[in-house]
Amino acid sequence: METHENLIAGPPPTHLPDNPEARGALESGAKASDVAARFPAFPAAWATLADEYFAAGHAVTSYAFARTGYHRGLDQLRRAGWKGHGPIPWEHEPNRGFLRCLHALARAAQAIGEKDEAERCAQFLRESSPVAVKALNSP
């Protein structure tokens with residue numbers, strides 16, 4: 001049987017670079033605010049802050065942290081060759097900070113009444129990584 005390359009396939013997955021020092025600091029229990037201050041381009045620190053503040057009932061602060069991490073992650077995605085669409089796999093650990101920020105931004109936007117933005121972010125997350133949607137929405 002002959003196989004042919006799919007000529008109408010979408011763009012390849014985008015993989016963000018790892019930051020072992022920042023990741024290690026966060027994983028070792030350093031305060032997320034300290035990690036974000038030292039490594040402001042590390043989306044996982046911003047995602048952690050967004051989650052912490054949302055859990056504490058501070059949706060506006062969570063929104064601000066999520067938006068910061070989201071934009072820092074977009075910058076990195078573009079530098080990694082992302083053209084505004086295509087898969088951003090959850091399975092690639094360094095992508096998780098950005099995907100968590102996107103999820104947190106949708107959640108906080110919903111909480112503060114920004115329904116259009118909440119839906120745009122949720123759609124972006126679904127299109128980027130169905131695996132992330134499942135992981136981030138499970139208990």
# chains A, B, ... in the order shown; residues from 1 in each chain; ligands from 1
call {"tool": "residues_around", "arguments": {"residues": "Phe124 of chain A", "least_positions_apart": "3", "cutoff": "10 Å", "atoms": "only C-alpha atoms", "output": "count of residues only"}}
result
13
call {"tool": "select_by_dssp", "arguments": {"residues": "chain A", "states": "alpha helix (DSSP H)", "output": "mmCIF file with N, CA, C and O atoms, in the first residue's frame"}}
result
data_model
loop_
_atom_site.group_PDB
_atom_site.id
_atom_site.type_symbol
_atom_site.label_atom_id
_atom_site.label_comp_id
_atom_site.auth_asym_id
_atom_site.auth_seq_id
_atom_site.Cartn_x
_atom_site.Cartn_y
_atom_site.Cartn_z
ATOM 1 N N PRO A 20 14.898 25.531 32.951
ATOM 2 C CA PRO A 20 15.093 24.626 34.093
ATOM 3 C C PRO A 20 15.284 25.349 35.425
ATOM 4 O O PRO A 20 14.823 24.864 36.459
ATOM 5 N N GLU A 21 15.948 26.488 35.415
ATOM 6 C CA GLU A 21 16.185 27.203 36.664
ATOM 7 C C GLU A 21 14.868 27.735 37.243
ATOM 8 O O GLU A 21 14.593 27.564 38.442
ATOM 9 N N ALA A 22 14.041 28.347 36.414
ATOM 10 C CA ALA A 22 12.752 28.865 36.875
ATOM 11 C C ALA A 22 11.835 27.722 37.293
ATOM 12 O O ALA A 22 11.182 27.784 38.340
ATOM 13 N N ARG A 23 11.773 26.680 36.468
ATOM 14 C CA ARG A 23 10.923 25.528 36.780
ATOM 15 C C ARG A 23 11.351 24.894 38.099
ATOM 16 O O ARG A 23 10.527 24.579 38.962
ATOM 17 N N GLY A 24 12.659 24.737 38.276
ATOM 18 C CA GLY A 24 13.182 24.146 39.506
ATOM 19 C C GLY A 24 12.846 24.976 40.731
ATOM 20 O O GLY A 24 12.501 24.432 41.785
ATOM 21 N N ALA A 25 12.935 26.291 40.602
ATOM 22 C CA ALA A 25 12.601 27.171 41.733
ATOM 23 C C ALA A 25 11.142 27.000 42.124
ATOM 24 O O ALA A 25 10.813 26.854 43.306
ATOM 25 N N LEU A 26 10.262 27.000 41.135
ATOM 26 C CA LEU A 26 8.833 26.855 41.415
ATOM 27 C C LEU A 26 8.530 25.479 42.013
ATOM 28 O O LEU A 26 7.802 25.370 42.995
ATOM 29 N N GLU A 27 9.123 24.448 41.441
ATOM 30 C CA GLU A 27 8.882 23.088 41.921
ATOM 31 C C GLU A 27 9.457 22.845 43.310
ATOM 32 O O GLU A 27 8.962 21.996 44.047
ATOM 33 N N ALA A 32 5.663 31.822 44.179
ATOM 34 C CA ALA A 32 5.449 32.134 42.765
ATOM 35 C C ALA A 32 5.768 33.596 42.464
ATOM 36 O O ALA A 32 6.296 33.911 41.392
ATOM 37 N N SER A 33 5.487 34.493 43.409
ATOM 38 C CA SER A 33 5.786 35.908 43.181
ATOM 39 C C SER A 33 7.292 36.135 43.069
ATOM 40 O O SER A 33 7.739 36.964 42.268
ATOM 41 N N ASP A 34 8.083 35.398 43.839
ATOM 42 C CA ASP A 34 9.538 35.518 43.750
ATOM 43 C C ASP A 34 10.047 34.973 42.415
ATOM 44 O O ASP A 34 10.944 35.550 41.797
ATOM 45 N N VAL A 35 9.461 33.860 41.980
ATOM 46 C CA VAL A 35 9.870 33.271 40.703
ATOM 47 C C VAL A 35 9.487 34.203 39.553
ATOM 48 O O VAL A 35 10.292 34.446 38.645
ATOM 49 N N ALA A 36 8.288 34.771 39.596
ATOM 50 C CA ALA A 36 7.863 35.697 38.542
ATOM 51 C C ALA A 36 8.745 36.942 38.519
ATOM 52 O O ALA A 36 9.064 37.457 37.439
ATOM 53 N N ALA A 37 9.149 37.423 39.684
ATOM 54 C CA ALA A 37 10.010 38.603 39.744
ATOM 55 C C ALA A 37 11.395 38.311 39.167
ATOM 56 O O ALA A 37 11.981 39.154 38.491
ATOM 57 N N ARG A 38 11.890 37.124 39.437
ATOM 58 C CA ARG A 38 13.227 36.759 38.956
ATOM 59 C C ARG A 38 13.217 36.308 37.498
ATOM 60 O O ARG A 38 14.187 36.517 36.770
ATOM 61 N N PRO A 43 5.897 31.728 32.094
ATOM 62 C CA PRO A 43 4.444 31.728 32.272
ATOM 63 C C PRO A 43 3.935 30.884 33.435
ATOM 64 O O PRO A 43 2.908 31.210 34.029
ATOM 65 N N ALA A 44 4.632 29.817 33.784
ATOM 66 C CA ALA A 44 4.146 28.960 34.869
ATOM 67 C C ALA A 44 4.074 29.709 36.196
ATOM 68 O O ALA A 44 3.187 29.442 37.009
ATOM 69 N N ALA A 45 4.985 30.633 36.427
ATOM 70 C CA ALA A 45 4.929 31.425 37.665
ATOM 71 C C ALA A 45 3.679 32.292 37.669
ATOM 72 O O ALA A 45 2.986 32.398 38.692
ATOM 73 N N TRP A 46 3.371 32.915 36.531
ATOM 74 C CA TRP A 46 2.172 33.757 36.433
ATOM 75 C C TRP A 46 0.911 32.914 36.563
ATOM 76 O O TRP A 46 -0.065 33.343 37.188
ATOM 77 N N ALA A 47 0.931 31.706 35.993
ATOM 78 C CA ALA A 47 -0.230 30.816 36.105
ATOM 79 C C ALA A 47 -0.464 30.419 37.558
ATOM 80 O O ALA A 47 -1.612 30.383 38.026
ATOM 81 N N THR A 48 0.613 30.145 38.273
ATOM 82 C CA THR A 48 0.496 29.782 39.685
ATOM 83 C C THR A 48 -0.084 30.950 40.482
ATOM 84 O O THR A 48 -0.986 30.757 41.311
ATOM 85 N N LEU A 49 0.404 32.154 40.229
ATOM 86 C CA LEU A 49 -0.147 33.334 40.904
ATOM 87 C C LEU A 49 -1.626 33.508 40.570
ATOM 88 O O LEU A 49 -2.444 33.782 41.464
ATOM 89 N N ALA A 50 -1.977 33.350 39.303
ATOM 90 C CA ALA A 50 -3.382 33.482 38.902
ATOM 91 C C ALA A 50 -4.253 32.469 39.628
ATOM 92 O O ALA A 50 -5.339 32.811 40.115
ATOM 93 N N ASP A 51 -3.785 31.235 39.730
ATOM 94 C CA ASP A 51 -4.551 30.194 40.424
ATOM 95 C C ASP A 51 -4.685 30.507 41.913
ATOM 96 O O ASP A 51 -5.766 30.350 42.488
ATOM 97 N N GLU A 52 -3.589 30.927 42.527
ATOM 98 C CA GLU A 52 -3.624 31.232 43.962
ATOM 99 C C GLU A 52 -4.612 32.364 44.265
ATOM 100 O O GLU A 52 -5.399 32.271 45.206
ATOM 101 N N TYR A 53 -4.552 33.415 43.492
ATOM 102 C CA TYR A 53 -5.420 34.558 43.759
ATOM 103 C C TYR A 53 -6.881 34.261 43.413
ATOM 104 O O TYR A 53 -7.785 34.729 44.096
ATOM 105 N N PHE A 54 -7.114 33.459 42.386
ATOM 106 C CA PHE A 54 -8.493 33.090 42.066
ATOM 107 C C PHE A 54 -9.081 32.256 43.202
ATOM 108 O O PHE A 54 -10.210 32.492 43.631
ATOM 109 N N ALA A 55 -8.304 31.306 43.695
ATOM 110 C CA ALA A 55 -8.758 30.453 44.801
ATOM 111 C C ALA A 55 -9.051 31.268 46.054
ATOM 112 O O ALA A 55 -9.912 30.900 46.858
ATOM 113 N N ALA A 59 -10.629 37.630 41.825
ATOM 114 C CA ALA A 59 -10.718 37.381 40.384
ATOM 115 C C ALA A 59 -10.003 38.442 39.559
ATOM 116 O O ALA A 59 -9.375 38.122 38.541
ATOM 117 N N VAL A 60 -10.066 39.700 39.969
ATOM 118 C CA VAL A 60 -9.419 40.766 39.183
ATOM 119 C C VAL A 60 -7.900 40.608 39.227
ATOM 120 O O VAL A 60 -7.225 40.733 38.198
ATOM 121 N N THR A 61 -7.356 40.315 40.380
ATOM 122 C CA THR A 61 -5.912 40.107 40.493
ATOM 123 C C THR A 61 -5.502 38.862 39.713
ATOM 124 O O THR A 61 -4.480 38.861 39.014
ATOM 125 N N SER A 62 -6.296 37.812 39.800
ATOM 126 C CA SER A 62 -6.043 36.602 39.037
ATOM 127 C C SER A 62 -6.028 36.904 37.546
ATOM 128 O O SER A 62 -5.145 36.442 36.808
ATOM 129 N N TYR A 63 -6.977 37.706 37.111
ATOM 130 C CA TYR A 63 -7.071 38.113 35.706
ATOM 131 C C TYR A 63 -5.774 38.814 35.283
ATOM 132 O O TYR A 63 -5.217 38.525 34.222
ATOM 133 N N ALA A 64 -5.285 39.724 36.109
ATOM 134 C CA ALA A 64 -4.070 40.474 35.777
ATOM 135 C C ALA A 64 -2.859 39.546 35.679
ATOM 136 O O ALA A 64 -2.052 39.664 34.741
ATOM 137 N N PHE A 65 -2.721 38.628 36.620
ATOM 138 C CA PHE A 65 -1.598 37.690 36.567
ATOM 139 C C PHE A 65 -1.718 36.776 35.345
ATOM 140 O O PHE A 65 -0.724 36.531 34.651
ATOM 141 N N ALA A 66 -2.914 36.271 35.076
ATOM 142 C CA ALA A 66 -3.119 35.384 33.925
ATOM 143 C C ALA A 66 -2.821 36.116 32.624
ATOM 144 O O ALA A 66 -2.183 35.559 31.721
ATOM 145 N N ARG A 67 -3.256 37.354 32.519
ATOM 146 C CA ARG A 67 -3.021 38.136 31.295
ATOM 147 C C ARG A 67 -1.525 38.386 31.093
ATOM 148 O O ARG A 67 -1.022 38.303 29.966
ATOM 149 N N THR A 68 -0.806 38.655 32.168
ATOM 150 C CA THR A 68 0.641 38.864 32.059
ATOM 151 C C THR A 68 1.317 37.602 31.533
ATOM 152 O O THR A 68 2.104 37.653 30.579
ATOM 153 N N GLY A 69 1.011 36.455 32.143
ATOM 154 C CA GLY A 69 1.612 35.204 31.696
ATOM 155 C C GLY A 69 1.208 34.826 30.286
ATOM 156 O O GLY A 69 2.017 34.295 29.507
ATOM 157 N N TYR A 70 -0.029 35.111 29.944
ATOM 158 C CA TYR A 70 -0.539 34.852 28.592
ATOM 159 C C TYR A 70 0.276 35.639 27.563
ATOM 160 O O TYR A 70 0.737 35.093 26.566
ATOM 161 N N HIS A 71 0.478 36.915 27.816
ATOM 162 C CA HIS A 71 1.222 37.740 26.855
ATOM 163 C C HIS A 71 2.699 37.371 26.804
ATOM 164 O O HIS A 71 3.297 37.357 25.724
ATOM 165 N N ARG A 72 3.280 37.041 27.956
ATOM 166 C CA ARG A 72 4.677 36.597 27.938
ATOM 167 C C ARG A 72 4.796 35.290 27.161
ATOM 168 O O ARG A 72 5.749 35.075 26.417
ATOM 169 N N GLY A 73 3.801 34.408 27.320
ATOM 170 C CA GLY A 73 3.794 33.150 26.576
ATOM 171 C C GLY A 73 3.599 33.361 25.088
ATOM 172 O O GLY A 73 4.245 32.681 24.268
ATOM 173 N N LEU A 74 2.721 34.291 24.699
ATOM 174 C CA LEU A 74 2.537 34.586 23.272
ATOM 175 C C LEU A 74 3.843 35.049 22.643
ATOM 176 O O LEU A 74 4.172 34.654 21.516
ATOM 177 N N ASP A 75 4.571 35.885 23.354
ATOM 178 C CA ASP A 75 5.872 36.345 22.845
ATOM 179 C C ASP A 75 6.788 35.153 22.574
ATOM 180 O O ASP A 75 7.443 35.080 21.526
ATOM 181 N N GLN A 76 6.833 34.217 23.505
ATOM 182 C CA GLN A 76 7.690 33.043 23.348
ATOM 183 C C GLN A 76 7.200 32.137 22.220
ATOM 184 O O GLN A 76 8.007 31.575 21.467
ATOM 185 N N LEU A 77 5.886 31.981 22.117
ATOM 186 C CA LEU A 77 5.338 31.163 21.032
ATOM 187 C C LEU A 77 5.747 31.723 19.674
ATOM 188 O O LEU A 77 6.160 30.981 18.781
ATOM 189 N N ARG A 78 5.627 33.027 19.535
ATOM 190 C CA ARG A 78 5.991 33.657 18.249
ATOM 191 C C ARG A 78 7.473 33.453 17.956
ATOM 192 O O ARG A 78 7.849 33.173 16.812
ATOM 193 N N ARG A 79 8.315 33.601 18.976
ATOM 194 C CA ARG A 79 9.749 33.369 18.771
ATOM 195 C C ARG A 79 10.032 31.907 18.413
ATOM 196 O O ARG A 79 11.027 31.619 17.738
ATOM 197 N N ARG A 96 2.978 24.081 29.295
ATOM 198 C CA ARG A 96 1.902 24.054 30.292
ATOM 199 C C ARG A 96 1.685 25.385 30.985
ATOM 200 O O ARG A 96 0.555 25.736 31.307
ATOM 201 N N GLY A 97 2.729 26.148 31.230
ATOM 202 C CA GLY A 97 2.556 27.453 31.864
ATOM 203 C C GLY A 97 1.682 28.369 31.021
ATOM 204 O O GLY A 97 0.756 29.003 31.530
ATOM 205 N N PHE A 98 1.961 28.421 29.720
ATOM 206 C CA PHE A 98 1.135 29.242 28.828
ATOM 207 C C PHE A 98 -0.306 28.740 28.800
ATOM 208 O O PHE A 98 -1.246 29.529 28.924
ATOM 209 N N LEU A 99 -0.483 27.440 28.641
ATOM 210 C CA LEU A 99 -1.834 26.882 28.572
ATOM 211 C C LEU A 99 -2.594 27.098 29.884
ATOM 212 O O LEU A 99 -3.791 27.383 29.869
ATOM 213 N N ARG A 100 -1.912 27.006 30.998
ATOM 214 C CA ARG A 100 -2.541 27.290 32.302
ATOM 215 C C ARG A 100 -2.948 28.754 32.391
ATOM 216 O O ARG A 100 -4.010 29.084 32.933
ATOM 217 N N CYS A 101 -2.109 29.655 31.879
ATOM 218 C CA CYS A 101 -2.463 31.085 31.873
ATOM 219 C C CYS A 101 -3.689 31.323 31.004
ATOM 220 O O CYS A 101 -4.577 32.099 31.371
ATOM 221 N N LEU A 102 -3.747 30.675 29.863
ATOM 222 C CA LEU A 102 -4.898 30.825 28.978
ATOM 223 C C LEU A 102 -6.172 30.345 29.671
ATOM 224 O O LEU A 102 -7.205 31.014 29.626
ATOM 225 N N HIS A 103 -6.094 29.223 30.336
ATOM 226 C CA HIS A 103 -7.233 28.692 31.100
ATOM 227 C C HIS A 103 -7.621 29.642 32.225
ATOM 228 O O HIS A 103 -8.798 29.945 32.423
ATOM 229 N N ALA A 104 -6.619 30.131 32.965
ATOM 230 C CA ALA A 104 -6.881 31.049 34.083
ATOM 231 C C ALA A 104 -7.468 32.362 33.583
ATOM 232 O O ALA A 104 -8.335 32.950 34.242
ATOM 233 N N LEU A 105 -7.032 32.820 32.426
ATOM 234 C CA LEU A 105 -7.574 34.053 31.860
ATOM 235 C C LEU A 105 -9.041 33.870 31.489
ATOM 236 O O LEU A 105 -9.875 34.737 31.784
ATOM 237 N N ALA A 106 -9.381 32.739 30.893
ATOM 238 C CA ALA A 106 -10.786 32.457 30.569
ATOM 239 C C ALA A 106 -11.626 32.402 31.838
ATOM 240 O O ALA A 106 -12.714 32.993 31.907
ATOM 241 N N ARG A 107 -11.139 31.738 32.839
ATOM 242 C CA ARG A 107 -11.858 31.586 34.107
ATOM 243 C C ARG A 107 -12.070 32.936 34.784
ATOM 244 O O ARG A 107 -13.175 33.267 35.217
ATOM 245 N N ALA A 108 -11.019 33.736 34.882
ATOM 246 C CA ALA A 108 -11.128 35.042 35.537
ATOM 247 C C ALA A 108 -11.987 36.002 34.721
ATOM 248 O O ALA A 108 -12.773 36.774 35.285
ATOM 249 N N ALA A 109 -11.862 35.959 33.395
ATOM 250 C CA ALA A 109 -12.693 36.814 32.546
ATOM 251 C C ALA A 109 -14.171 36.492 32.773
ATOM 252 O O ALA A 109 -14.998 37.404 32.885
ATOM 253 N N GLN A 110 -14.484 35.225 32.849
ATOM 254 C CA GLN A 110 -15.870 34.811 33.117
ATOM 255 C C GLN A 110 -16.326 35.366 34.471
ATOM 256 O O GLN A 110 -17.428 35.889 34.604
ATOM 257 N N ALA A 111 -15.474 35.268 35.458
ATOM 258 C CA ALA A 111 -15.827 35.697 36.813
ATOM 259 C C ALA A 111 -16.070 37.201 36.913
ATOM 260 O O ALA A 111 -16.874 37.645 37.735
ATOM 261 N N LYS A 115 -17.549 38.091 29.264
ATOM 262 C CA LYS A 115 -17.983 36.831 28.662
ATOM 263 C C LYS A 115 -17.395 36.589 27.267
ATOM 264 O O LYS A 115 -17.036 35.462 26.940
ATOM 265 N N ASP A 116 -17.294 37.637 26.452
ATOM 266 C CA ASP A 116 -16.715 37.454 25.115
ATOM 267 C C ASP A 116 -15.257 37.012 25.207
ATOM 268 O O ASP A 116 -14.827 36.111 24.497
ATOM 269 N N GLU A 117 -14.510 37.658 26.093
ATOM 270 C CA GLU A 117 -13.107 37.281 26.252
ATOM 271 C C GLU A 117 -12.993 35.875 26.827
ATOM 272 O O GLU A 117 -12.134 35.092 26.409
ATOM 273 N N ALA A 118 -13.852 35.549 27.767
ATOM 274 C CA ALA A 118 -13.827 34.209 28.353
ATOM 275 C C ALA A 118 -14.030 33.157 27.269
ATOM 276 O O ALA A 118 -13.307 32.153 27.227
ATOM 277 N N GLU A 119 -14.974 33.387 26.378
ATOM 278 C CA GLU A 119 -15.237 32.423 25.311
ATOM 279 C C GLU A 119 -14.090 32.369 24.311
ATOM 280 O O GLU A 119 -13.705 31.294 23.858
ATOM 281 N N ARG A 120 -13.512 33.517 23.958
ATOM 282 C CA ARG A 120 -12.368 33.525 23.031
ATOM 283 C C ARG A 120 -11.202 32.723 23.616
ATOM 284 O O ARG A 120 -10.582 31.924 22.915
ATOM 285 N N CYS A 121 -10.935 32.936 24.889
ATOM 286 C CA CYS A 121 -9.826 32.219 25.536
ATOM 287 C C CYS A 121 -10.117 30.723 25.624
ATOM 288 O O CYS A 121 -9.231 29.894 25.382
ATOM 289 N N ALA A 122 -11.348 30.378 25.961
ATOM 290 C CA ALA A 122 -11.720 28.958 26.039
ATOM 291 C C ALA A 122 -11.604 28.293 24.668
ATOM 292 O O ALA A 122 -11.114 27.158 24.560
ATOM 293 N N GLN A 123 -12.019 28.992 23.627
ATOM 294 C CA GLN A 123 -11.909 28.455 22.259
ATOM 295 C C GLN A 123 -10.440 28.302 21.861
ATOM 296 O O GLN A 123 -10.050 27.288 21.286
ATOM 297 N N PHE A 124 -9.642 29.288 22.178
ATOM 298 C CA PHE A 124 -8.206 29.233 21.885
ATOM 299 C C PHE A 124 -7.585 28.019 22.581
ATOM 300 O O PHE A 124 -6.804 27.275 21.981
ATOM 301 N N LEU A 125 -7.949 27.790 23.824
ATOM 302 C CA LEU A 125 -7.422 26.642 24.560
ATOM 303 C C LEU A 125 -7.870 25.333 23.902
ATOM 304 O O LEU A 125 -7.051 24.421 23.707
ATOM 305 N N ARG A 126 -9.140 25.240 23.536
ATOM 306 C CA ARG A 126 -9.641 24.013 22.879
ATOM 307 C C ARG A 126 -8.900 23.750 21.576
ATOM 308 O O ARG A 126 -8.564 22.605 21.257
ATOM 309 N N GLU A 127 -8.640 24.801 20.806
ATOM 310 C CA GLU A 127 -7.953 24.638 19.523
ATOM 311 C C GLU A 127 -6.469 24.336 19.706
ATOM 312 O O GLU A 127 -5.871 23.677 18.870
ATOM 313 N N SER A 128 -5.899 24.816 20.789
ATOM 314 C CA SER A 128 -4.466 24.624 21.028
ATOM 315 C C SER A 128 -4.142 23.245 21.578
ATOM 316 O O SER A 128 -3.153 22.628 21.173
ATOM 317 N N PRO A 130 -6.598 20.015 23.176
ATOM 318 C CA PRO A 130 -7.723 19.336 23.835
ATOM 319 C C PRO A 130 -7.287 18.584 25.093
ATOM 320 O O PRO A 130 -8.051 18.472 26.049
ATOM 321 N N VAL A 131 -6.052 18.113 25.134
ATOM 322 C CA VAL A 131 -5.540 17.411 26.304
ATOM 323 C C VAL A 131 -5.464 18.401 27.486
ATOM 324 O O VAL A 131 -5.793 18.044 28.616
ATOM 325 N N ALA A 132 -5.039 19.638 27.218
ATOM 326 C CA ALA A 132 -4.976 20.646 28.286
ATOM 327 C C ALA A 132 -6.366 20.941 28.835
ATOM 328 O O ALA A 132 -6.531 21.085 30.050
ATOM 329 N N VAL A 133 -7.349 21.034 27.963
ATOM 330 C CA VAL A 133 -8.720 21.291 28.404
ATOM 331 C C VAL A 133 -9.149 20.224 29.408
ATOM 332 O O VAL A 133 -9.659 20.525 30.480
ATOM 333 N N LYS A 134 -8.900 18.985 29.035
ATOM 334 C CA LYS A 134 -9.275 17.881 29.917
ATOM 335 C C LYS A 134 -8.497 17.931 31.231
ATOM 336 O O LYS A 134 -9.073 17.792 32.308
ATOM 337 N N ALA A 135 -7.191 18.157 31.156
ATOM 338 C CA ALA A 135 -6.355 18.187 32.364
ATOM 339 C C ALA A 135 -6.731 19.341 33.282
ATOM 340 O O ALA A 135 -6.773 19.182 34.504
ATOM 341 N N LEU A 136 -7.023 20.489 32.711
ATOM 342 C CA LEU A 136 -7.290 21.676 33.521
ATOM 343 C C LEU A 136 -8.728 21.742 34.051
ATOM 344 O O LEU A 136 -9.000 22.490 34.968
ATOM 345 N N ASN A 137 -9.595 20.952 33.462
ATOM 346 C CA ASN A 137 -10.991 20.953 33.914
ATOM 347 C C ASN A 137 -11.354 19.732 34.731
ATOM 348 O O ASN A 137 -12.512 19.560 35.087
#
call {"tool": "atom_distance", "arguments": {"atom1": "atom CA of Ser28 of chain A", "atom2": "atom CA of Trp90 of chain A"}}
result
21.5 Å
call {"tool": "closest_residue", "arguments": {"among": "A:Ala56, A:His92, A:Phe39, A:Pro139", "to": "Asn19 of chain A", "atoms": "only C-alpha atoms"}}
result
A:Phe39
call {"tool": "atom_distance", "arguments": {"atom1": "atom CA of Gly57 of chain A", "atom2": "atom CA of Gly113 of chain A"}}
result
14.7 Å
call {"tool": "atom_distance", "arguments": {"atom1": "atom CA of Phe42 of chain A", "atom2": "atom CA of His58 of chain A"}}
result
21.7 Å
call {"tool": "decode", "arguments": {"residues": "segment 79-86 of chain A", "atoms": "all heavy atoms", "output": "JSON list (two decimals), in the first residue's frame"}}
result
[["chain", "number", "residue", "atom", "x", "y", "z"],
["A", 79, "ARG", "N", 8.31, 33.60, 18.98],
["A", 79, "ARG", "CA", 9.75, 33.37, 18.77],
["A", 79, "ARG", "C", 10.03, 31.91, 18.41],
["A", 79, "ARG", "O", 11.03, 31.62, 17.74],
["A", 79, "ARG", "CB", 10.55, 33.77, 20.01],
["A", 79, "ARG", "CG", 10.71, 35.28, 20.14],
["A", 79, "ARG", "CD", 11.75, 35.65, 21.18],
["A", 79, "ARG", "NE", 11.46, 35.19, 22.51],
["A", 79, "ARG", "CZ", 10.71, 35.83, 23.41],
["A", 79, "ARG", "NH1", 10.17, 37.00, 23.10],
["A", 79, "ARG", "NH2", 10.51, 35.33, 24.60],
["A", 80, "ALA", "N", 9.16, 31.01, 18.85],
["A", 80, "ALA", "CA", 9.34, 29.58, 18.55],
["A", 80, "ALA", "C", 8.75, 29.19, 17.19],
["A", 80, "ALA", "O", 8.74, 28.02, 16.83],
["A", 80, "ALA", "CB", 8.70, 28.73, 19.66],
["A", 81, "GLY", "N", 8.23, 30.17, 16.45],
["A", 81, "GLY", "CA", 7.73, 29.91, 15.11],
["A", 81, "GLY", "C", 6.23, 29.81, 14.96],
["A", 81, "GLY", "O", 5.72, 29.58, 13.87],
["A", 82, "TRP", "N", 5.50, 29.98, 16.04],
["A", 82, "TRP", "CA", 4.03, 29.91, 16.00],
["A", 82, "TRP", "C", 3.50, 31.07, 15.18],
["A", 82, "TRP", "O", 3.94, 32.21, 15.34],
["A", 82, "TRP", "CB", 3.52, 29.94, 17.43],
["A", 82, "TRP", "CG", 2.06, 29.76, 17.63],
["A", 82, "TRP", "CD1", 1.35, 28.60, 17.51],
["A", 82, "TRP", "CD2", 1.12, 30.76, 18.04],
["A", 82, "TRP", "NE1", 0.03, 28.82, 17.83],
["A", 82, "TRP", "CE2", -0.13, 30.14, 18.16],
["A", 82, "TRP", "CE3", 1.24, 32.12, 18.32],
["A", 82, "TRP", "CZ2", -1.27, 30.83, 18.53],
["A", 82, "TRP", "CZ3", 0.10, 32.81, 18.70],
["A", 82, "TRP", "CH2", -1.14, 32.16, 18.81],
["A", 83, "LYS", "N", 2.54, 30.80, 14.30],
["A", 83, "LYS", "CA", 2.00, 31.82, 13.39],
["A", 83, "LYS", "C", 0.58, 32.23, 13.73],
["A", 83, "LYS", "O", -0.16, 32.72, 12.89],
["A", 83, "LYS", "CB", 2.03, 31.30, 11.94],
["A", 83, "LYS", "CG", 3.39, 30.87, 11.47],
["A", 83, "LYS", "CD", 4.33, 32.04, 11.30],
["A", 83, "LYS", "CE", 5.62, 31.58, 10.67],
["A", 83, "LYS", "NZ", 6.76, 32.32, 11.11],
["A", 84, "GLY", "N", 0.17, 32.05, 14.98],
["A", 84, "GLY", "CA", -1.16, 32.48, 15.39],
["A", 84, "GLY", "C", -2.19, 31.37, 15.43],
["A", 84, "GLY", "O", -3.33, 31.62, 15.78],
["A", 85, "HIS", "N", -1.80, 30.17, 15.06],
["A", 85, "HIS", "CA", -2.70, 29.03, 15.15],
["A", 85, "HIS", "C", -1.87, 27.75, 15.11],
["A", 85, "HIS", "O", -0.70, 27.78, 14.77],
["A", 85, "HIS", "CB", -3.73, 29.05, 14.01],
["A", 85, "HIS", "CG", -3.13, 28.87, 12.66],
["A", 85, "HIS", "ND1", -2.45, 29.87, 12.01],
["A", 85, "HIS", "CD2", -3.08, 27.80, 11.84],
["A", 85, "HIS", "CE1", -2.02, 29.43, 10.84],
["A", 85, "HIS", "NE2", -2.38, 28.17, 10.72],
["A", 86, "GLY", "N", -2.52, 26.68, 15.49],
["A", 86, "GLY", "CA", -1.85, 25.39, 15.48],
["A", 86, "GLY", "C", -1.69, 24.84, 16.88],
["A", 86, "GLY", "O", -1.89, 25.54, 17.87]]
